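S.K.: First the structure, which I've put down as structure tokens, then a few questions once you've had a look.
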Amino acid sequence: MREKSDTFFPWANLRFVQALRMRPQRFNIISGKMMRVGIIGAGHIAEKTAFTLLRMSDMTCGAVASRSLEKAQAFASRYSIPKAYGSYGDLLDDPEVDLVYIALPHSLHYGITKEALLKGKPCLVEKPFMLNAGEAKEILEISRERGVFVAEAIYTRYLPAVDIIRRDIASGVIGKVRTISATLSYEMSSKERILSPELGGGALLDIGIYGINFVLAYGGSPIVRTSSLCTKFPTGPDMSDSISFALEDGTVAHVLTSAVCQGDNIGVIAGTKANLWIDDINNPKLIRIYAKHHELLDEHTVPSQISGFEYELRACRDAISEGKTEPSQMPHKETLNVMEIMDSLRKEWGVAFPGE
Ligand SMILES: NC(=O)c1ccc[n+]([C@@H]2O[C@H](COP(=O)([O-])OP(=O)(O)OC[C@H]3O[C@@H](n4cnc5c(N)ncnc54)[C@H](OP(=O)(O)O)[C@@H]3O)[C@@H](O)[C@H]2O)c1
């Protein structure tokens with residue numbers, strides 16, 4: 001009989017996982033030891049991260065914590081993790097955890113990140129970094145004051161595709177950038193955390209955030225004007241969003257996102273001479289340059305990857321080993337900028353979370 005992880009997580013082929021368990025581990029960095037990640041929350045994305053860590057030879061997963069000890073133990077056994085905790089606080093107290101990866105619903109990021117930073121634990125926090133800019137400012141301030149590393153796990157900002165796309169833009173091959181468009185939509189309407197205001201639900205914070213990051217990563221100047229609309233779930237959070245930005249240099253950008261359909265998820269950066277076409281803004285694999293009349297000028301593929309999460313994990317490891325409190329790929333200023341943009345969009349739409 002297939003186990004649950006085998007059915008729901010195609011990357012978690014159990015025979016392959018078992019083969020990986022047998023392999024000798026290599027050691028490097030952080031005083032000659034491999035950096036040990038502690039996972040908080042044994043949900044969907046935690047599985048993907050655990051699987052990624054299992055395949056990495058330069059980082060490892062040292063512990064997992066769940067609200068349920070049985071769930072943590074089952075998760076640990078699936079991914080060869082040496083320690084399982086039935087409380088998040090116990091993992092934060094483990095001196096053998098070097099980096100805490102927080103994989104909880106949005107509204108729970110703030111409390112656990114604050115607790116971790118106050119205990120001196122470096123953190124990688126799933127996107128959106130926090131529920132709103134107020135929470136983000138407070139967390140970034142604690143990180144700065146205490147000198148403890150914290151980063152947002154918006155993994156698209158750490159991928160090799162970022163440098164490929166930026167190099168193409170800088171080369172002048174597409175001319176001057178005039179428009180950017182990014183779509184990201186998934187049918188997620190049965191997920192409690194998407195529907196629930198208490199958990200920080202809605203399309204914007206979950207997937208619209210990737211479109212906004214796409215515009216910020218490749219737009220050449222700050223956003224000066226925004227125009228947007230959304231439709232909402234009966235429970236309150238935004239369901240489908242259309243967001244337009246004007247950038248200072250005259251670029252116009254459009255982000256389309258929905259939690260109730262499967263989108264094409266394509267990104268296009270259009271310049272005066274040609275356009276860059278990105279097959280999937282949520283994990284680019286193919287980047288094409290098209291000239292007038294859709295003439296293909298060039299194309300790039302990205303290096304083969306485990307899941308893509310290995311890049312953000314390594315970025316954290318490297319920044320921590322260099323004594324930094326933020327990764328250069330996604331600096332705190334940019335994380336806060338994204339939170340402020342999303343706050344102002346939600347304000348316009350009348351989408352608020354309990355306590356706001
Ligand atoms: N980077 C990406 O590509 C990506 C993709 C999907 C999601 N995410 C982000 O990852 C985070 C988690 O998303 P997910 O899809 O993994 O969610 P999920 O499958 O629902 O898992 C979240 C986990 O949080 C824990 N939890 C604690 N209190 C909870 C509560 N009141 N209700 C529900 N869960 C609670 C649960 O773990 P225990 O029961 O084990 O404690 C649960 O399994 C979100 O911030 C999301 O935006 C990122």
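Ordered as shown in the structure tokens, chains take letters A, B, and onward, while each chain numbers its residues from 1 and ligands are numbered from 1 in the order shown.
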Which chains and residue numbers are within 6 Å of ligand 1, counting only C-alpha atoms and all ligand atoms, if I want them as a PyMOL selection string?

M.R.: chain A and resi 41-46+66-67+103-106+126-128+154-155+206

S.K.: Run DSSP on the backbone and grab whatever in stretch 204-332 of chain A lands in strand (DSSP E or B); send it over as a PyMOL selection string.

M.R.: chain A and resi 223-232+238-247+252-258+260+267-271+275-278+286-291+295-301

S.K.: Please provide as a list in words all residues within 9 Å of A:Val150, with the sequence filter that same-chain residues fewer than 5 positions apart are discarded (counting only C-alpha atoms).

M.R.: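 Answer for this query is Thr113, Leu117, Lys121, Pro122, Cys123, Leu124, Val125, Ile139, Leu140, Ser143, Cys316, Thr325, Glu326, Pro327 and His332 of chain A.
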
S.K.: Take the residues that were just selected and, keeping C-alpha atoms, output them as a tab-separated table (two decimals), in the first residue's frame.

M.R.:
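File written: out_38.tsv
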chain	number	residue	atom	x	y	z
A	113	THR	CA	9.66	33.93	14.89
A	117	LEU	CA	14.85	35.31	17.69
A	121	LYS	CA	17.88	31.21	16.92
A	122	PRO	CA	18.37	32.23	13.26
A	123	CYS	CA	15.16	31.81	11.27
A	124	LEU	CA	14.00	31.22	7.73
A	125	VAL	CA	10.29	32.12	7.69
A	139	ILE	CA	10.57	41.23	13.88
A	140	LEU	CA	13.21	42.96	11.75
A	143	SER	CA	16.81	40.77	14.44
A	316	CYS	CA	20.80	31.38	4.81
A	325	THR	CA	21.56	39.09	9.81
A	326	GLU	CA	19.95	39.03	6.33
A	327	PRO	CA	20.57	37.38	2.96
A	332	HIS	CA	15.06	43.00	5.01

S.K.: Find the spatial neighbours of A:Lys114, counting only C-alpha atoms, within a cut-off of 9 Å - ignore same-chain residues fewer than 3 positions away - and output them as a PDB file with C-alpha atoms, in the first residue's frame.

M.R.:
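Just written: result.pdb:
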ATOM      1  CA  HIS A 109       4.705  33.366  11.709  1.00  0.00           C
ATOM      2  CA  TYR A 110       4.997  36.373  14.017  1.00  0.00           C
ATOM      3  CA  GLY A 111       4.720  34.672  17.421  1.00  0.00           C
ATOM      4  CA  LEU A 117      14.851  35.312  17.687  1.00  0.00           C
ATOM      5  CA  LEU A 118      14.595  36.163  21.378  1.00  0.00           C
ATOM      6  CA  LYS A 119      16.161  32.756  22.061  1.00  0.00           C
ATOM      7  CA  GLU A 138       8.912  44.526  14.877  1.00  0.00           C
ATOM      8  CA  ILE A 139      10.565  41.234  13.884  1.00  0.00           C
ATOM      9  CA  ILE A 142      14.503  42.385  17.000  1.00  0.00           C
ATOM     10  CA  SER A 143      16.809  40.769  14.442  1.00  0.00           C
TER      11      SER A 143
END
